[in-house]
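Engineer: I'd like to ask you about the structure that follows.
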Amino acid sequence: MQNAAMNIEDKGGDQLVLHVGPQHPGSGHFRILVTVDGDYIVGAKPDPGYVHRGAEKMAEYRDYIQNIPHLERPVIIDATGVTLPYVLAAEKIIDVEAPDRAKYIRMIMAELNRIISHLYWLGIYGIFLGHSTMFMWPMGDRELFIDLAESIGGTRVTFSYVVPGGVRNDMPTNFTERALKTFDYFEKRIEEYKKIFFNNPLMTARTEGIGIMTKKDAIGLGITGSNLRACGIDSDTRKDEPYCLYDNVDFEIPTRKEGDSYARCIVRLEEMQQSMNIMKQVLDLMEPGPIKQVIGGVMRGEPGEAFVRTEAARGTMFYHIVSDGEKNPYRVKISVPSFRNIIGMTHLLVGSRLADMPAIYWSLDYWPVEADR
Amino acid sequence: MNIKLITGILGAFAVGIRNIFKRRMTLRYPEQKLDIESGYTFDAKSNTGSAGFKGRHILYTDKCTGCSLCAIACENIADCIDMVQVEGSWPTNTKNIMPQIDYGRCVFCGFCVDACPFDCLFMTPEYELSATDKRKLVHTPFQLAVFPERKGNVKLIPDDGGAHHD
């Protein structure tokens, strides 16, 4: 029997199918079909695809530059994270290499974007757990980092800043001074975050021991990013396969052994600290120089293919570009971290209580638009 | 366990109360407006841009040749630039065509600025582009040629408490 008005399906017996989303205030454009038995979830089936826009197919009809504004649309809060691997792969096809200064500026933009993305996630996680202060604070502090990124990239979120051959413009002269001031402030602010949210019993009671993923399961399911690091695996593409100039900077990979929702949260908080650590080192290491290798005419590659893997805010972002020597790429395949983490939802939700669903769901930092591409 | 519970709650309250007395960093928008120094520009000779805000475009009509490269750059991105006929005589522009930009479609990526080989299309810090009519979002070449007035009255200054506007 089906009750269309309430979207509730009676499975017979004690079980009931609930449709969470796609208008759920927090799930985004995404639906989970949850089968409940009383208060317990006995089955969860994620249903992505509401915001599929065919980014991969669109990329076949645009040249290497025109693709950039389109490919950053799926994850506008992590715009550099999603376009950087594309540009690195395009550079392999076109056979150019960015100058050192451009590589350092790319690293700064990527790390700023990681902080911007993590703060957005933290704000939403706060409101998911009913903690309005934790919604306001990260959203306010996020603006400081957006202002820093805007002073380089020109817009608030969609910068279209990294292009094959380098970056589009140099940093403003007062950037270092402004950035260091913001980092000093935010390092103190992280301690306040810990006091009001991370050490707050109201938060720990709802996240500690909830949604535990073991090391073995995480590897078996192919989980990536912070969710993997929260299970005790120190996997980070920035360390494992350094791109740009990440091998010149010294940073730690925050890990936790517990694998629960709390571990996934605290790992992201520590990642923001590490991002600031990286940016401080990069600002020291940077030397004046050219920022772009000029490519004459329309960008065209030799026939061939390129694979690039980078660490975006949500995990490993992978691009595979096939070129047939024309000005448009022949095929662009994007493997996004959100889509790889979606399987963790099915795994974690089964057996938990319905009230724990928001705490588990958003602790995975799932971004529907990125997963649908 | 109880000690952890009590210190946790008291610590959270202490931080919360301390923050009530802190200076807020909100920009009170219609009264206060951010003063942005420069827009995004691009030097065709060195092929690099200079950092700046990507807002409304500025078109230098005396330098435009009507080559349509900006429209071609925009073709597959937002398709918002149309080359339209303009009146008058333009020594550099024999075809009398200049770009007209539809801000209902523009994504402010600035690739049209990068494409201009004559340094005649730049961007300005103007961001208040809303209109009550969809047709008013289409800016003609002569509207684009007017440099916007500087309306900003405050600057963002980072400090120990985050930032303030002054």
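Quick note on naming: the chains in the structure tokens go A, B, ... in the order shown, residues restart at 1 in each chain, and ligands are numbered from 1 in order of appearance.
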For chain B, work out the contacting residues on chain A at 7 Å, counting only C-alpha atoms, and write them as a list in words.
Structural biologist: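 The contacting residues on chain A are Arg62, Gln66, Pro69, Ser151, Ile152, Gly153, Gly154, Thr155, Phe159, Ser160, Arg168, Asn169, Asp170, Met171, Pro172, Arg178, Lys181, Thr182, Tyr185, Glu192, Lys195, Ile196, Asn199, Asn200, Pro201 and Val294 of chain A.
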Engineer: Name the residues in contact with region 90-94 of chain B at a cut-off of 12 Å, using only C-alpha atoms, excluding same-chain residues fewer than 4 positions from it; report them as a list in words.
Structural biologist: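 Contacts, with the query itself left out: Tyr60, Thr61, Asp62, Lys63, Cys64, Thr65, Gly66, Cys67, Ser68, Gln85, Val86, Met98, Pro99, Phe118 and Cys120 of chain B.
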Engineer: Keeping N, CA and C atoms, export the residues of the selection given above as a compact mmCIF listing (two decimals), in the first residue's frame.
Structural biologist:
```txt
# COMPACT_ATOMS: atom_id res chain seq x y z
N TYR B 60 36.26 50.60 -23.44
CA TYR B 60 36.86 51.81 -23.99
C TYR B 60 36.51 51.87 -25.47
N THR B 61 35.46 52.64 -25.77
CA THR B 61 34.93 52.65 -27.13
C THR B 61 35.94 53.21 -28.13
N ASP B 62 36.87 54.08 -27.66
CA ASP B 62 37.82 54.66 -28.61
C ASP B 62 38.87 53.65 -29.06
N LYS B 63 39.02 52.54 -28.29
CA LYS B 63 40.04 51.56 -28.65
C LYS B 63 39.46 50.30 -29.28
N CYS B 64 38.14 50.10 -29.12
CA CYS B 64 37.53 48.86 -29.61
C CYS B 64 37.57 48.80 -31.14
N THR B 65 37.98 47.64 -31.68
CA THR B 65 38.06 47.50 -33.13
C THR B 65 36.93 46.65 -33.69
N GLY B 66 36.08 46.12 -32.82
CA GLY B 66 35.00 45.27 -33.29
C GLY B 66 35.47 43.92 -33.79
N CYS B 67 36.53 43.39 -33.17
CA CYS B 67 37.11 42.12 -33.64
C CYS B 67 36.30 40.92 -33.18
N SER B 68 35.39 41.10 -32.23
CA SER B 68 34.50 40.03 -31.75
C SER B 68 35.18 38.94 -30.95
N GLN B 85 25.45 46.84 -33.70
CA GLN B 85 25.79 48.02 -34.49
C GLN B 85 25.70 49.27 -33.60
N VAL B 86 26.68 50.17 -33.73
CA VAL B 86 26.61 51.43 -32.99
C VAL B 86 26.65 52.59 -33.98
N MET B 98 30.20 46.78 -31.60
CA MET B 98 30.79 46.77 -30.27
C MET B 98 30.04 45.78 -29.38
N PRO B 99 30.68 45.29 -28.31
CA PRO B 99 30.00 44.28 -27.49
C PRO B 99 28.88 44.86 -26.62
N PHE B 118 43.31 44.36 -27.51
CA PHE B 118 43.56 45.81 -27.60
C PHE B 118 43.39 46.52 -26.27
N CYS B 120 40.86 46.97 -24.34
CA CYS B 120 39.76 47.92 -24.28
C CYS B 120 38.57 47.40 -23.48
```
Engineer: Leaving out region 227-229 of chain A and any residue of its chain fewer than 3 positions from it, which residues lie within 8 Å of it when counting only C-alpha atoms, given as a PyMOL selection string?
Structural biologist: chain A and resi 215+218-219+223-224+232-235+254-256+259+264+267+364
Engineer: Find the residues around Glu287 (chain A) up to 9 Å (only C-alpha atoms counted), leave out those fewer than 4 positions away in its own chain, and share them as a PyMOL selection string.
Structural biologist: chain A and resi 100-101+283
Engineer: Using CA of Tyr103 (chain B) and CA of Ile72 (chain B) as the two end points, give the distance in Å to one decimal.
Structural biologist: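 That distance, rounded to one decimal, is 16.8 Å.
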Engineer: Which residues, written as a list in words, have at least one atom at most 9 Å from Ile342 (chain A), with only C-alpha atoms counted and residues fewer than 5 positions away on the same chain left out?
Structural biologist: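 The filter keeps Pro46, Pro48, Ile223, Pro337, Leu364, Tyr366 and Ala371 of chain A.
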Engineer: Give the helix (DSSP H, G or I) residues of region 152-308 of chain A, as assigned by DSSP on the backbone, as a PyMOL selection string.
Structural biologist: chain A and resi 152-153+175-198+201-207+215-221+226-229+237-240+246-248+261-285
Engineer: Excluding Asp119 (chain B) and any residue of its chain fewer than 2 positions from it, enumerate the residues within 8 Å of it, using only C-alpha atoms, and give them as a PyMOL selection string.
Structural biologist: chain B and resi 42-44+63+113+116-117+121-122
Engineer: Extract, using only C-alpha atoms, all DNA, RNA and protein residues at most 9 Å from Gln100 (chain B), discarding same-chain residues fewer than 3 positions from it, and format them as a list in words.
Structural biologist: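 So the residues in contact are Cys80, Ile81, Asp82, Met83, Val84, Val138, His139, Thr140, Pro141, Phe142, Gln143 and Leu144 of chain B.
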Engineer: What separation in Å, quoted to one decimal, exists between CA of Glu143 (chain A) and CA of Ile68 (chain A)?
Structural biologist: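 Distance between the two atoms: 23.7 Å.
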Engineer: What does the distance from CA of Arg189 (chain A) to CA of Ile266 (chain A) come to in Å, to one decimal?
Structural biologist: 14.5 Å
Engineer: Looking at A:Thr80, A:Ser352, A:Met134, A:Val369, which one is nearest to Val36 (chain A), with distances taken over only C-alpha atoms?
Structural biologist: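 The closest residue to Val36 (chain A) is A:Ser352.
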